file input-v1.cif (mmCIF, C-alpha atoms)
data_target
#
loop_
_atom_site.label_atom_id
_atom_site.label_comp_id
_atom_site.auth_asym_id
_atom_site.auth_seq_id
_atom_site.Cartn_x
_atom_site.Cartn_y
_atom_site.Cartn_z
CA MET A 1 107.44 154.93 58.31
CA ALA A 2 109.08 158.19 57.38
CA THR A 3 111.45 158.29 54.43
CA ALA A 4 115.02 158.32 55.74
CA TYR A 5 118.43 158.86 54.14
CA ARG A 6 119.59 155.65 52.56
CA PRO A 7 123.35 155.58 52.09
CA TYR A 8 125.10 154.05 49.12
CA GLU A 9 125.98 150.40 49.63
CA PRO A 10 129.07 149.36 47.65
CA GLY A 11 128.34 146.35 45.48
CA THR A 12 124.55 146.76 45.37
CA GLU A 13 124.30 148.19 41.85
CA PRO A 14 123.20 146.19 38.80
CA ARG A 15 126.07 144.54 37.01
CA GLY A 16 125.66 146.70 33.95
CA HIS A 17 126.37 149.83 36.01
CA LEU A 18 129.03 148.44 38.38
CA VAL A 19 132.08 150.13 36.84
CA PRO A 20 130.56 153.65 36.50
CA ALA A 21 129.17 153.47 40.03
CA ALA A 22 132.50 152.31 41.42
CA LEU A 23 134.27 155.19 39.71
CA LYS A 24 131.76 157.69 41.12
CA ALA A 25 131.73 156.23 44.63
CA PRO A 26 134.81 158.11 45.99
CA PHE A 27 133.17 161.43 45.07
CA GLN A 28 129.78 160.74 46.60
CA GLY A 29 128.57 162.61 49.65
CA ARG A 30 128.18 159.44 51.68
CA VAL A 31 131.95 158.82 51.66
CA TRP A 32 132.77 162.37 52.71
CA ARG A 33 130.14 162.33 55.45
CA GLU A 34 131.64 159.16 56.88
CA PHE A 35 135.13 160.63 56.57
CA LEU A 36 133.95 163.74 58.44
CA TYR A 37 132.42 161.51 61.11
CA VAL A 38 135.76 159.75 61.60
CA LEU A 39 137.61 163.07 61.81
CA ILE A 40 135.24 164.49 64.43
CA SER A 41 135.28 161.22 66.38
CA LEU A 42 138.82 161.77 67.66
CA PRO A 43 138.28 165.13 69.43
CA MET A 44 134.88 163.94 70.67
CA ALA A 45 136.39 160.71 72.00
CA ILE A 46 139.17 162.64 73.76
CA VAL A 47 136.70 165.00 75.44
CA THR A 48 134.41 162.14 76.46
CA PHE A 49 137.25 159.95 77.72
CA VAL A 50 138.91 162.72 79.75
CA TYR A 51 135.60 163.80 81.27
CA THR A 52 134.58 160.25 82.15
CA ILE A 53 137.90 159.21 83.66
CA THR A 54 138.24 162.45 85.62
CA MET A 55 134.73 162.44 87.04
CA ILE A 56 134.61 158.71 87.81
CA ALA A 57 138.01 158.82 89.51
CA LEU A 58 137.03 161.93 91.45
CA GLY A 59 133.74 160.42 92.53
CA ALA A 60 135.35 157.13 93.53
CA GLY A 61 137.99 158.99 95.54
CA LEU A 62 135.34 161.03 97.34
CA LEU A 63 133.20 158.04 98.27
CA ILE A 64 134.65 158.21 101.78
CA THR A 65 132.79 161.53 102.11
CA PHE A 66 129.21 162.45 101.32
CA LEU A 67 130.36 164.15 98.07
CA GLY A 68 131.32 160.95 96.26
CA VAL A 69 127.82 159.80 95.31
CA PRO A 70 126.69 163.18 93.87
CA VAL A 71 129.91 163.45 91.86
CA LEU A 72 129.37 159.95 90.44
CA GLY A 73 125.80 160.93 89.60
CA ALA A 74 127.06 164.03 87.81
CA ALA A 75 129.59 161.90 85.92
CA LEU A 76 126.87 159.53 84.70
CA ALA A 77 124.56 162.42 83.82
CA GLY A 78 127.34 164.03 81.79
CA CYS A 79 128.02 160.78 79.96
CA ARG A 80 124.34 160.52 79.06
CA ALA A 81 124.41 164.12 77.78
CA LEU A 82 127.44 163.35 75.63
CA GLY A 83 125.55 160.29 74.39
CA VAL A 84 122.86 162.61 73.07
CA VAL A 85 125.52 164.43 71.04
CA GLU A 86 126.93 161.15 69.73
CA ARG A 87 123.51 159.90 68.64
CA ALA A 88 122.83 163.20 66.88
CA ARG A 89 126.22 163.04 65.13
CA ALA A 90 125.56 159.47 63.97
CA ARG A 91 122.10 160.48 62.77
CA ALA A 92 123.38 163.46 60.78
CA LEU A 93 126.52 161.93 59.22
CA LEU A 94 125.86 158.18 59.13
CA GLY A 95 122.10 158.15 58.67
CA LEU A 96 121.85 155.93 61.77
CA GLU A 97 118.61 156.28 63.71
CA VAL A 98 119.06 155.26 67.35
CA ALA A 99 116.13 155.66 69.71
CA GLU A 100 116.51 157.57 72.92
CA PRO A 101 117.31 155.26 75.87
CA GLU A 102 114.91 154.82 78.73
CA PRO A 103 114.67 157.82 81.07
CA VAL A 104 116.51 157.85 84.38
CA LEU A 105 113.27 157.78 86.38
CA GLY A 106 110.10 155.92 85.54
CA ARG A 107 106.66 157.44 85.41
CA ARG A 108 106.35 157.56 89.18
CA GLY A 109 109.98 158.44 89.82
CA GLY A 110 110.53 156.17 92.81
CA ARG A 111 108.70 155.06 95.91
CA GLY A 112 105.61 157.08 96.55
CA GLY A 113 106.15 159.00 93.32
CA ARG A 114 108.94 161.24 94.77
CA ARG A 115 111.38 162.81 92.31
CA GLY A 116 113.94 164.42 94.60
CA PRO A 117 117.69 164.78 93.94
CA VAL A 118 118.53 161.74 96.06
CA THR A 119 116.07 159.59 94.13
CA TRP A 120 117.43 160.90 90.83
CA VAL A 121 121.07 160.19 91.73
CA GLY A 122 120.15 156.73 92.99
CA ALA A 123 118.32 155.98 89.76
CA LEU A 124 121.36 157.15 87.77
CA LEU A 125 123.68 154.82 89.67
CA ARG A 126 121.29 151.87 89.25
CA SER A 127 120.68 152.52 85.58
CA GLY A 128 122.42 150.08 83.26
CA THR A 129 122.04 152.59 80.44
CA SER A 130 124.19 155.12 82.32
CA TRP A 131 127.01 152.61 82.79
CA ARG A 132 126.80 151.58 79.14
CA HIS A 133 127.48 155.23 78.29
CA VAL A 134 130.57 155.03 80.50
CA ILE A 135 131.75 151.89 78.69
CA TYR A 136 131.26 153.67 75.36
CA ALA A 137 133.37 156.59 76.53
CA LEU A 138 136.20 154.26 77.57
CA ILE A 139 136.35 152.03 74.49
CA HIS A 140 135.61 154.69 71.91
CA LEU A 141 138.92 156.53 72.33
CA PRO A 142 141.29 153.74 71.19
CA TRP A 143 139.03 152.96 68.26
CA ALA A 144 138.75 156.66 67.34
CA VAL A 145 142.56 156.99 67.37
CA PHE A 146 142.94 153.98 65.08
CA SER A 147 140.16 154.92 62.68
CA PHE A 148 141.33 158.55 62.52
CA GLY A 149 144.91 157.58 61.68
CA PHE A 150 143.88 154.91 59.18
CA ALA A 151 141.26 157.06 57.42
CA VAL A 152 143.47 160.14 57.18
CA SER A 153 146.47 158.14 55.93
CA PHE A 154 144.40 156.16 53.46
CA THR A 155 142.69 159.25 52.07
CA ALA A 156 145.88 161.32 51.97
CA TYR A 157 147.86 158.62 50.14
CA GLY A 158 144.99 157.99 47.74
CA TRP A 159 144.55 161.58 46.67
CA GLY A 160 148.29 162.31 46.93
CA PHE A 161 149.31 159.46 44.62
CA THR A 162 146.41 160.11 42.22
CA THR A 163 147.37 163.76 41.78
CA TYR A 164 151.14 163.12 41.88
CA PRO A 165 151.68 164.17 38.24
CA LEU A 166 150.20 167.59 39.12
CA TRP A 167 152.45 168.41 42.05
CA ARG A 168 155.64 166.42 41.25
CA LEU A 169 157.32 169.56 39.90
CA VAL A 170 157.50 170.87 43.46
CA PHE A 171 160.49 168.59 44.18
CA PRO A 172 162.91 169.60 41.40
CA ARG A 173 161.88 173.26 41.54
CA TYR A 174 161.90 173.90 45.29
CA MET A 175 163.72 170.93 46.86
CA ASP A 176 166.36 170.24 44.20
CA GLU A 177 165.27 166.59 43.91
CA PRO A 178 163.98 164.78 40.81
CA GLY A 179 160.79 163.57 42.52
CA LEU A 180 159.23 161.94 45.55
CA GLN A 181 161.88 159.90 47.36
CA VAL A 182 160.83 156.35 48.22
CA PHE A 183 164.19 155.11 49.55
CA GLY A 184 167.54 156.65 50.45
CA ASP A 185 170.58 156.08 52.64
CA ASP A 186 173.92 157.65 53.48
CA HIS A 187 175.75 155.66 50.79
CA GLY A 188 174.10 157.38 47.90
CA HIS A 189 171.51 154.69 47.19
CA ASN A 190 168.34 156.67 46.42
CA PHE A 191 165.11 155.82 44.64
CA TYR A 192 162.86 158.56 43.29
CA LEU A 193 159.54 158.45 41.49
CA ASP A 194 160.67 160.49 38.51
CA THR A 195 160.37 158.43 35.32
CA PRO A 196 157.13 158.42 33.25
CA PHE A 197 156.57 154.74 34.10
CA GLU A 198 157.03 155.28 37.83
CA ILE A 199 154.74 158.33 37.77
CA THR A 200 152.07 156.32 35.92
CA VAL A 201 152.29 153.42 38.39
CA THR A 202 152.07 155.86 41.31
CA CYS A 203 149.00 157.50 39.83
CA ALA A 204 147.38 154.11 39.15
CA ALA A 205 148.05 153.02 42.73
CA GLY A 206 146.43 156.22 43.97
CA VAL A 207 143.34 155.58 41.82
CA LEU A 208 143.11 152.04 43.23
CA VAL A 209 143.30 153.38 46.78
CA LEU A 210 140.57 155.93 45.99
CA LEU A 211 138.33 153.20 44.57
CA LEU A 212 138.74 151.28 47.81
CA THR A 213 137.88 154.32 49.92
CA PRO A 214 134.09 153.69 50.07
CA TRP A 215 134.62 150.18 51.42
CA VAL A 216 137.25 151.34 53.90
CA MET A 217 135.04 154.15 55.22
CA ARG A 218 132.07 151.82 55.47
CA ALA A 219 134.15 149.26 57.38
CA LEU A 220 135.47 151.85 59.82
CA THR A 221 132.09 153.46 60.49
CA SER A 222 130.38 150.06 60.80
CA VAL A 223 132.19 149.60 64.10
CA ASP A 224 130.94 153.02 65.21
CA ARG A 225 127.42 152.07 64.20
CA ILE A 226 127.61 148.94 66.34
CA MET A 227 128.96 150.82 69.35
CA VAL A 228 126.43 153.67 69.12
CA SER A 229 123.39 151.46 68.63
CA GLY A 230 124.52 148.84 71.14
CA LEU A 231 125.75 151.11 73.96
CA LEU A 232 123.96 154.43 73.53
CA GLY A 233 120.49 153.20 72.59
CA PRO A 234 117.77 151.60 74.71
CA SER A 235 118.39 148.13 76.05
CA ARG A 236 116.41 145.19 74.71
CA LEU A 237 114.64 144.87 78.04
CA ALA A 238 113.64 148.54 78.05
CA SER A 239 112.47 148.35 74.44
CA ARG A 240 110.40 145.31 75.32
CA VAL A 241 108.91 147.08 78.35
CA TRP A 242 107.96 150.10 76.25
CA GLU A 243 106.45 147.83 73.62
CA LEU A 244 104.43 145.98 76.24
CA GLU A 245 103.25 149.26 77.76
CA SER A 246 102.10 150.41 74.34
CA ASP A 247 100.41 147.06 73.69
CA ARG A 248 98.72 147.22 77.07
CA GLY A 249 97.33 150.64 76.22
CA THR A 250 96.01 149.30 72.92
CA VAL A 251 94.38 146.32 74.64
CA VAL A 252 92.78 148.58 77.27
CA ASP A 253 91.47 150.97 74.63
CA THR A 254 90.11 148.09 72.55
CA ALA A 255 88.42 146.53 75.56
CA ALA A 256 86.88 149.88 76.51
CA ALA A 257 85.62 150.38 72.95
CA ASP A 258 84.11 146.88 72.94
CA LEU A 259 82.39 147.54 76.26
CA ARG A 260 80.95 150.81 74.92
CA ARG A 261 79.74 149.01 71.80
CA ILE A 262 78.10 146.26 73.85
CA GLU A 263 76.48 148.81 76.14
CA ARG A 264 75.22 150.80 73.15
CA ASP A 265 73.84 147.70 71.43
CA LEU A 266 72.10 146.59 74.60
CA HIS A 267 70.68 150.04 75.28
CA ASP A 268 69.54 150.76 71.73
CA GLY A 269 68.53 147.23 70.79
CA ALA A 270 67.48 144.48 73.17
CA GLN A 271 66.89 146.77 76.14
CA ALA A 272 64.60 149.06 74.17
CA ARG A 273 62.65 146.08 72.86
CA LEU A 274 62.30 144.57 76.34
CA VAL A 275 61.03 147.89 77.74
CA ALA A 276 58.48 148.11 74.94
CA LEU A 277 57.57 144.46 75.58
CA ALA A 278 56.93 145.15 79.26
CA MET A 279 54.70 148.10 78.39
CA ASP A 280 52.76 146.05 75.83
CA LEU A 281 52.24 143.20 78.29
CA GLY A 282 51.05 145.72 80.93
CA LEU A 283 48.48 147.15 78.50
CA ALA A 284 47.42 143.65 77.49
CA LYS A 285 46.91 142.75 81.14
CA GLU A 286 44.64 145.78 81.61
CA LYS A 287 42.62 144.91 78.50
CA LEU A 288 42.40 141.21 79.27
CA GLU A 289 38.96 141.49 80.94
CA GLU A 290 37.57 144.43 78.94
CA ASP A 291 38.65 143.42 75.41
CA PRO A 292 40.09 139.87 75.24
CA GLU A 293 40.56 140.02 71.46
CA ALA A 294 42.66 143.20 71.65
CA ALA A 295 44.62 141.73 74.53
CA ALA A 296 45.32 138.56 72.54
CA LYS A 297 46.51 140.67 69.59
CA MET A 298 48.82 142.63 71.86
CA VAL A 299 50.22 139.42 73.36
CA ASP A 300 50.85 138.11 69.86
CA GLU A 301 52.77 141.30 68.99
CA ALA A 302 54.71 140.97 72.23
CA HIS A 303 55.62 137.42 71.25
CA GLY A 304 57.12 138.74 68.02
CA GLU A 305 59.06 141.36 69.98
CA VAL A 306 60.45 138.61 72.22
CA LYS A 307 61.73 136.73 69.17
CA LEU A 308 63.41 139.86 67.80
CA ALA A 309 64.97 140.62 71.19
CA LEU A 310 66.31 137.07 71.43
CA GLN A 311 67.77 137.33 67.92
CA GLU A 312 69.50 140.60 68.82
CA LEU A 313 70.89 139.03 71.98
CA ARG A 314 72.21 136.09 69.95
CA ASP A 315 73.85 138.47 67.49
CA LEU A 316 75.36 140.41 70.36
CA ALA A 317 76.67 137.22 71.98
CA ARG A 318 78.10 136.14 68.64
CA GLY A 319 79.89 139.50 68.44
CA ILE A 320 81.40 138.94 71.89
CA HIS A 321 82.40 135.31 71.39
CA PRO A 322 80.44 132.95 69.14
CA ALA A 323 79.39 129.65 70.68
CA ILE A 324 80.41 127.71 67.56
CA LEU A 325 83.99 128.96 67.99
CA THR A 326 84.12 127.68 71.57
CA ASP A 327 82.48 124.36 70.74
CA ARG A 328 83.95 123.42 67.35
CA GLY A 329 86.96 125.64 66.66
CA LEU A 330 88.10 127.95 63.88
CA GLY A 331 87.20 125.80 60.89
CA PRO A 332 83.42 125.58 61.44
CA ALA A 333 83.29 129.09 62.91
CA LEU A 334 84.93 130.65 59.86
CA SER A 335 82.77 128.58 57.52
CA ALA A 336 79.67 129.96 59.27
CA LEU A 337 81.17 133.43 59.03
CA ALA A 338 81.82 133.01 55.30
CA ALA A 339 78.26 131.80 54.74
CA ARG A 340 76.92 135.14 56.01
CA CYS A 341 79.28 137.19 53.79
CA THR A 342 77.73 138.85 50.73
CA VAL A 343 80.74 137.77 48.62
CA PRO A 344 81.34 134.06 47.90
CA VAL A 345 84.18 132.99 50.18
CA THR A 346 86.29 129.82 50.08
CA VAL A 347 87.68 128.83 53.49
CA THR A 348 90.69 126.51 53.91
CA VAL A 349 91.83 125.68 57.44
CA ASP A 350 94.88 123.45 57.96
CA LEU A 351 95.50 123.36 61.70
CA PRO A 352 96.79 120.22 63.46
CA GLN A 353 95.24 121.40 66.74
CA ARG A 354 93.47 124.39 68.20
CA PRO A 355 95.56 127.41 69.23
CA ALA A 356 95.19 129.20 72.55
CA PRO A 357 91.60 130.42 73.13
CA ALA A 358 92.67 134.09 73.14
CA ILE A 359 94.55 133.70 69.84
CA GLU A 360 91.63 131.75 68.41
CA GLY A 361 89.28 134.61 69.26
CA ILE A 362 91.61 137.22 67.75
CA ALA A 363 91.95 135.15 64.56
CA TYR A 364 88.15 134.82 64.29
CA PHE A 365 87.46 138.52 64.71
CA THR A 366 90.33 139.42 62.38
CA VAL A 367 88.75 137.35 59.61
CA SER A 368 85.32 138.73 60.51
CA GLU A 369 86.43 142.34 60.17
CA LEU A 370 88.32 141.70 56.96
CA LEU A 371 85.33 139.94 55.40
CA GLN A 372 83.13 142.86 56.39
CA ASN A 373 85.56 145.21 54.63
CA ILE A 374 85.42 143.01 51.54
CA SER A 375 81.62 143.08 51.56
CA LYS A 376 81.37 146.85 52.04
CA HIS A 377 84.31 148.38 50.17
CA SER A 378 86.13 146.00 47.82
CA GLY A 379 83.61 145.38 45.05
CA ALA A 380 85.01 141.85 44.85
CA HIS A 381 83.31 138.85 43.26
CA THR A 382 85.17 136.13 45.16
CA ALA A 383 87.40 135.85 48.22
CA GLU A 384 89.58 133.20 49.83
CA VAL A 385 90.50 132.63 53.47
CA ASP A 386 93.47 130.38 54.33
CA LEU A 387 94.68 129.46 57.82
CA TRP A 388 97.68 127.33 58.63
CA ARG A 389 100.34 126.86 61.26
CA SER A 390 104.03 127.54 60.68
CA ASP A 391 106.27 126.59 63.61
CA ASP A 392 104.86 128.53 66.58
CA ARG A 393 102.88 131.04 64.49
CA LEU A 394 99.31 131.07 63.18
CA LEU A 395 99.10 132.51 59.67
CA ILE A 396 95.97 133.97 58.12
CA GLN A 397 95.75 135.05 54.50
CA ILE A 398 92.68 136.63 52.94
CA THR A 399 92.59 137.40 49.22
CA ASP A 400 89.89 139.07 47.13
CA ASP A 401 89.61 140.14 43.48
CA GLY A 402 88.25 143.60 44.26
CA ARG A 403 89.36 147.06 43.21
CA GLY A 404 92.30 147.24 45.66
CA GLY A 405 93.65 150.41 47.20
CA ALA A 406 93.35 149.22 50.82
CA GLU A 407 95.94 150.66 53.21
CA THR A 408 96.74 150.77 56.90
CA ALA A 409 96.84 154.58 57.09
CA ALA A 410 95.98 156.21 60.40
CA GLY A 411 92.27 156.38 61.00
CA SER A 412 91.36 153.44 58.77
CA GLY A 413 89.80 150.23 60.00
CA LEU A 414 92.89 148.29 58.99
CA ALA A 415 95.04 150.58 61.16
CA GLY A 416 92.98 149.71 64.24
CA LEU A 417 93.10 146.03 63.32
CA ALA A 418 96.89 146.22 62.93
CA GLU A 419 97.19 147.78 66.41
CA ARG A 420 95.10 145.04 68.00
CA ILE A 421 97.17 142.34 66.29
CA ASP A 422 100.40 144.07 67.29
CA ALA A 423 99.20 144.04 70.91
CA VAL A 424 99.75 140.25 70.97
CA ASP A 425 103.08 140.40 69.06
CA GLY A 426 101.36 139.79 65.76
CA ILE A 427 101.94 141.30 62.33
CA LEU A 428 99.49 142.55 59.69
CA VAL A 429 100.73 142.99 56.11
CA VAL A 430 98.51 144.50 53.42
CA ARG A 431 99.28 144.25 49.70
CA SER A 432 96.60 146.06 47.74
CA PRO A 433 97.68 147.74 44.49
CA ALA A 434 95.19 149.92 42.65
CA GLY A 435 92.97 147.67 40.57
CA GLY A 436 93.54 144.71 42.88
CA PRO A 437 93.82 142.01 43.89
CA THR A 438 94.12 142.57 47.63
CA THR A 439 96.01 140.19 49.91
CA VAL A 440 96.00 140.67 53.66
CA THR A 441 98.28 138.45 55.72
CA ALA A 442 98.08 138.28 59.50
CA GLU A 443 100.61 136.47 61.67
CA LEU A 444 99.73 135.62 65.27
CA PRO A 445 101.58 133.71 67.98
CA TRP A 446 100.30 130.19 68.48
CA ARG A 447 100.32 130.52 72.27
#

call {"tool": "encode", "arguments": {"input": "input-v1.cif", "output": "structure tokens"}}
result
Amino acid sequence: MATAYRPYEPGTEPRGHLVPAALKAPFQGRVWREFLYVLISLPMAIVTFVYTITMIALGAGLLITFLGVPVLGAALAGCRALGVVERARARALLGLEVAEPEPVLGRRGGRGGRRGPVTWVGALLRSGTSWRHVIYALIHLPWAVFSFGFAVSFTAYGWGFTTYPLWRLVFPRYMDEPGLQVFGDDHGHNFYLDTPFEITVTCAAGVLVLLLTPWVMRALTSVDRIMVSGLLGPSRLASRVWELESDRGTVVDTAAADLRRIERDLHDGAQARLVALAMDLGLAKEKLEEDPEAAAKMVDEAHGEVKLALQELRDLARGIHPAILTDRGLGPALSALAARCTVPVTVTVDLPQRPAPAIEGIAYFTVSELLQNISKHSGAHTAEVDLWRSDDRLLIQITDDGRGGAETAAGSGLAGLAERIDAVDGILVVRSPAGGPTTVTAELPWR
């Protein structure tokens, strides 16, 4: 994940630094960026609101003619374009990353793959994302008016009262009044902030308002964050569809890679041995009458080749799906897997029942690949494998005392394993500091 701007959170500092941080907070860039966002929100909200109301009303009024639908489509397209500006503004000033919503048309663009203007307008009108942009345009204006007025007033009073001793002389010099008037009427009852005590209290009140500014700005922009992410981003359904499409691609790629591996193993291993076996048996058949001893020797060698071919086929079948996993479950299968590992492995399986066969297979091959990594790269002396069930999740944790430094960077074996686990809504977490130990935790759905 890329490093992103992380704004200051009021109240998150250690206690020993709370007062200095609170005093510095009103002067930090985060507060001024949020204040600028609130200021720009009002003109943006006015433009968006006026455009949306005008275009929607015009389109609705023209529905009795053939122009109404295209105008409504243009209104929705414009709202989506303004949504791009709003997401960019939130990203730049609030540090809020909101993904682009789903496109108007899918990959095919409609029936038969056509992408004409009529199809595009129809997709706009059917798109829930487009109408959520309209809702944002309508509700953002009243909130922008309130937040603009509150933020400007709060900031102006805070800085005005704090700096009051610096500009109080304006009143007696240019307005012929002793100070800032708080109260006055026609009967001569007036109250001015002109004594040293009143000036000090005014300044202290301004400082208090300034200290509250970070919390006020964060509260105001939190509502904007909710509206932008909830109305201008992708819907949960669309996000889930994209995630499933990505997972489907990963599953297809993994299956294709497995098929290529099986084909390569068959071609280079068992198939080559069986071809050689057929040739040896053919030669032995020819020599059977001429040289029985040589023929017997060749048959004996062919018998050894048959055993090797059978062993390779068993290994290949175990790589596809081991029989012990199907017959006896994860416990015995992982114990057999640990017995073949070059590093001593302790296996603990605490499962009340067997998970779904597909999840069981993924768990087995996850442990198998991780144990192979331990054998080849870790330099470990011991390793532990633990499996247990938590609610509706299957948890796998593998720990070794090796040199550490494992990571899920792109191109590594762990990266491919993480993608395959993610394809079934699983999670892979690697904790491997330099010098070890390494702990890999995998979480899979139970069903």

call {"tool": "resolve_selection", "arguments": {"input": "input-v1.cif", "expression": "the PyMOL selection byres ((chain A and resi 205) around 12)", "output": "MDAnalysis selection string"}}
result
chainID A and resid 154 157:164 198:204 206:212

call {"tool": "atom_distance", "arguments": {"input": "input-v1.cif", "atom1": "atom CA of Ser41 of chain A", "atom2": "atom CA of Glu100 of chain A"}}
result
20.2 Å

call {"tool": "residues_around", "arguments": {"input": "input-v1.cif", "residues": "segment 413-427 of chain A", "least_positions_apart": "5", "cutoff": "6 Å", "atoms": "only C-alpha atoms", "output": "list in words"}}
result
Asp247, Thr408, Ala442, Glu443 and Leu444 of chain A

call {"tool": "closest_residue", "arguments": {"input": "input-v1.cif", "among": "A:Thr195, A:Pro103, A:Phe365, A:Pro142", "to": "Arg168 of chain A", "atoms": "only C-alpha atoms"}}
result
A:Thr195

call {"tool": "resolve_selection", "arguments": {"input": "input-v1.cif", "expression": "the PyMOL selection byres ((chain A and resi 399-401) around 10)", "output": "VMD selection string"}}
result
chain A and resid 343 to 346 370 to 371 374 378 to 386 397 to 398 402 to 404 431 to 432 435 to 441

call {"tool": "atom_distance", "arguments": {"input": "input-v1.cif", "atom1": "atom CA of Asp391 of chain A", "atom2": "atom CA of Ala336 of chain A"}}
result
27.2 Å

call {"tool": "resolve_selection", "arguments": {"input": "input-v1.cif", "expression": "the PyMOL selection byres ((chain A and resi 37) around 8)", "output": "ChimeraX atom specification"}}
result
/A:33-36,38-41,89-90,93-94

call {"tool": "write_last_selection", "arguments": {"input": "input-v1.cif", "atoms": "C-alpha atoms", "output": "PDB file, in the frame of the given file"}}
result
ATOM      1  CA  ARG A  33     130.140 162.330  55.450  1.00  0.00           C
ATOM      2  CA  GLU A  34     131.640 159.160  56.880  1.00  0.00           C
ATOM      3  CA  PHE A  35     135.130 160.630  56.570  1.00  0.00           C
ATOM      4  CA  LEU A  36     133.950 163.740  58.440  1.00  0.00           C
ATOM      5  CA  VAL A  38     135.760 159.750  61.600  1.00  0.00           C
ATOM      6  CA  LEU A  39     137.610 163.070  61.810  1.00  0.00           C
ATOM      7  CA  ILE A  40     135.240 164.490  64.430  1.00  0.00           C
ATOM      8  CA  SER A  41     135.280 161.220  66.380  1.00  0.00           C
ATOM      9  CA  ARG A  89     126.220 163.040  65.130  1.00  0.00           C
ATOM     10  CA  ALA A  90     125.560 159.470  63.970  1.00  0.00           C
ATOM     11  CA  LEU A  93     126.520 161.930  59.220  1.00  0.00           C
ATOM     12  CA  LEU A  94     125.860 158.180  59.130  1.00  0.00           C
TER      13      LEU A  94
END

call {"tool": "residues_around", "arguments": {"input": "input-v1.cif", "residues": "segment 117-123 of chain A", "least_positions_apart": "4", "cutoff": "6 Å", "atoms": "all atoms listed in the file", "output": "list in words"}}
result
Gly73, Val104 and Ser127 of chain A

call {"tool": "closest_residue", "arguments": {"input": "input-v1.cif", "among": "A:Ser368, A:Thr155, A:Ser375, A:Ser147", "to": "Val223 of chain A", "atoms": "only C-alpha atoms"}}
result
A:Ser147

call {"tool": "atom_distance", "arguments": {"input": "input-v1.cif", "atom1": "atom CA of Thr348 of chain A", "atom2": "atom CA of Pro332 of chain A"}}
result
10.5 Å

call {"tool": "residues_around", "arguments": {"input": "input-v1.cif", "residues": "Val50 of chain A", "least_positions_apart": "6", "cutoff": "12 Å", "atoms": "all atoms listed in the file", "output": "list in words"}}
result
Pro43, Met44, Ile56, Ala57, Leu58, Ala75, Gly78, Cys79, Val134, Ala137, Leu138, His140 and Leu141 of chain A

call {"tool": "closest_residue", "arguments": {"input": "input-v1.cif", "among": "A:Leu76, A:Leu96, A:Leu283, A:Ile135", "to": "Ala296 of chain A", "atoms": "all atoms listed in the file"}}
result
A:Leu283

call {"tool": "closest_residue", "arguments": {"input": "input-v1.cif", "among": "A:Ile362, A:Val228, A:Leu42, A:Leu351", "to": "Gly149 of chain A", "atoms": "all atoms listed in the file"}}
result
A:Leu42

call {"tool": "closest_residue", "arguments": {"input": "input-v1.cif", "among": "A:Arg91, A:Asp392, A:Asp291, A:Ala339", "to": "Asp224 of chain A", "atoms": "all atoms listed in the file"}}
result
A:Arg91

call {"tool": "closest_residue", "arguments": {"input": "input-v1.cif", "among": "A:Gly230, A:Gly282, A:Pro214, A:Gly331", "to": "Lys24 of chain A", "atoms": "only C-alpha atoms"}}
result
A:Pro214
